[in-house]
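Data first, discussion second: the structure below is written as structure tokens.
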Amino acid sequence: MPDCPILLETIVSSLDDARAAAAGGADRFELCSALALGGLTPSLGTLAAIKSTTDVPVMFMVRPREGGMAYTAGEITAMERDAALALEAGANGLVFGFLTPDGDVDVAECRAFLRHCSRVAAGRQWVFHRAFDVVRDPETALEQLIELGFTRVLTSGRAVHAVDGLDEIRRMVEQADGRIEVLPGGAIRAENVAEVVRRTSVNQVHLSITEPRADTSASANPAVRFGVDPPPTELEYRATTEAGVRQIRTILDGC
């Protein structure tokens with residue numbers, strides 16, 4: 001077991017979440033939206049509200065969509081703008097990741113993004129998110145992240161749940177040897193968090209600590225759903241097509 005207090009990072013998606021987490025003793029927030037999709041870029045309004053309410057450091061997720069992490073030029077442009085605005089609004093750091101289509105760390109894109117962010121605000125923390133859990137070669141990837149200058153890497157030990165990846169997390173801690181922080185996350189709960197710390201010797205953990213809350217405003221017609229059907233795996237995502245829009249435009253123009 002580490003001989004220092006264990007830092008507790010909690011995922012928050014709203015000001016209410018942040019207030020509850022701070023009152024409960026959270027040491028750091030990861031702010032994201034759409035947790036059901038793995039966490040996407042949140043609103044700047046939420047960031048500003050949290051920063052004006054609590055002194056807990058806020059790590060801001062920069063992830064434009066669900067699915068994998070090989071992004072288009074347009075997506076990267078938006079990510080750079082989101083990152084700059086978040087840093088200017090007081091984010092203590094950013095959570096992001098770039099992969100190649102083959103599942104390797106995209107070193108060139110990571111370096112360019114880090115350079116862009118450092119020009120906006122130096123001295124912040126940079127976190128490579130769970131994109132790490134799908135890389136082809138984790139040992140090589142970890143060395144690349146160290147060389148790039150990431151503060152830490154969020155990982156489940158390449159397992160569906162962190163509790164099933166503890167041996168890999170421990171191996172990563174040993175390989176890192178203090179050169180990068182290893183932050184375990186992925187279905188960590190009250191019933192297994194002590195085991196995660198004990199078996200990996202980490203000094204921080206990352207959790208989503210939520211419970212269902214009722215909102216009965218849609219109860220008059222519960223058959224209606226507002227979300228789009230999610231892709232069946234992380235290997236695809238939904239995107240607007242020019243041909244599809246043109247088809248509808250043509251139909252409408254003929255009405």
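Chain identifiers are assigned as A, B, and so on, following the order in which chains appear in the structure tokens; residues are numbered from 1 within each chain, and ligands are numbered from 1 in order of appearance.
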List every residue of stretch 145-212 of chain A that has an atom at most 10 Å from any atom of stretch 112-121 of chain A, giving for each one its closest atom pair and the distance in Å to one decimal, counting only C-alpha atoms, sorted by chain and then by ascending residue number, as JSON lines.
{"residue": "A:Leu148", "atom": "CA", "partner": "A:Leu114", "partner_atom": "CA", "distance": 8.2}
{"residue": "A:Gly149", "atom": "CA", "partner": "A:Leu114", "partner_atom": "CA", "distance": 8.6}
{"residue": "A:Phe150", "atom": "CA", "partner": "A:Leu114", "partner_atom": "CA", "distance": 8.7}
I need the residues of stretch 10-245 of chain A that end up classed as strand (DSSP E or B) by DSSP on the backbone, written out as a PyMOL selection string. chain A and resi 10-12+28-31+33+40+58-61+93-96+99+105+125-128+152-155+181-185+204-207
At most 12 Å is the cut-off: for each residue in stretch 35-136 of chain A with any atom that close to an atom of stretch 193-210 of chain A, write down the nearest atom pair and the distance in Å rounded to one decimal, counting only C-alpha atoms, chain first then increasing number, as a tab-separated table.
residue	atom	partner	partner_atom	distance
A:Leu35	CA	A:Ser208	CA	9.1
A:Ala36	CA	A:Ser208	CA	11.2
A:Gly38	CA	A:Ser208	CA	11.2
A:Gly39	CA	A:Ser208	CA	10.9
A:Met59	CA	A:His206	CA	11.7
A:His129	CA	A:His206	CA	11.2
A:Arg130	CA	A:His206	CA	11.4
Please provide the set of residues having any atom within 6 Å of A:Trp126, restricted to only C-alpha atoms, with same-chain residues fewer than 4 positions apart removed, written as an MDAnalysis selection string. chainID A and resid 93:94 150:151
So that I have them on file, write out the residues from the current selection with C-alpha atoms, as a tab-separated table (two decimals), in the first residue's frame.
chain	number	residue	atom	x	y	z
A	93	GLY	CA	-5.57	20.29	-17.34
A	94	LEU	CA	-6.89	18.40	-20.34
A	150	PHE	CA	2.11	13.58	-20.50
A	151	THR	CA	1.44	14.01	-16.79
Alpha helix (DSSP H) positions in stretch 13-178 of chain A, given as a PyMOL selection string: chain A and resi 15-24+44-53+73-88+107-120+138-148+166-176
Polymer residues at most 7 Å from A:Gly97, only C-alpha atoms, same-chain spacing of 5 or more positions, as a VMD selection string: chain A and resid 69 128 to 129 131
Residues just named, written with N, CA and C atoms as a PDB file, in the first residue's frame:
ATOM      1  N   MET A  69     -10.330   6.828 -31.688  1.00  0.00           N
ATOM      2  CA  MET A  69      -9.617   8.082 -31.450  1.00  0.00           C
ATOM      3  C   MET A  69      -8.695   8.472 -32.598  1.00  0.00           C
ATOM      4  N   PHE A 128      -3.458  11.373 -20.907  1.00  0.00           N
ATOM      5  CA  PHE A 128      -3.828  10.505 -22.019  1.00  0.00           C
ATOM      6  C   PHE A 128      -4.896   9.558 -21.501  1.00  0.00           C
ATOM      7  N   HIS A 129      -6.093   9.617 -22.085  1.00  0.00           N
ATOM      8  CA  HIS A 129      -7.221   8.873 -21.532  1.00  0.00           C
ATOM      9  C   HIS A 129      -7.178   7.396 -21.928  1.00  0.00           C
ATOM     10  N   ALA A 131      -7.895   5.691 -24.291  1.00  0.00           N
ATOM     11  CA  ALA A 131      -7.412   5.251 -25.599  1.00  0.00           C
ATOM     12  C   ALA A 131      -6.221   4.312 -25.413  1.00  0.00           C
TER      13      ALA A 131
END
Quick one: residues within 12 Å of A:Gly227, only C-alpha atoms counted, chain neighbours fewer than 2 positions away excluded, as a PyMOL selection string? chain A and resi 34+36-37+224-225+229-231
Quick one: everything within 12 Å of stretch 18-22 of chain A, counting only C-alpha atoms, minus sequence neighbours fewer than 2 positions away in the same chain. Send it as a PyMOL selection string. chain A and resi 8-16+24-32+46-58+207-211
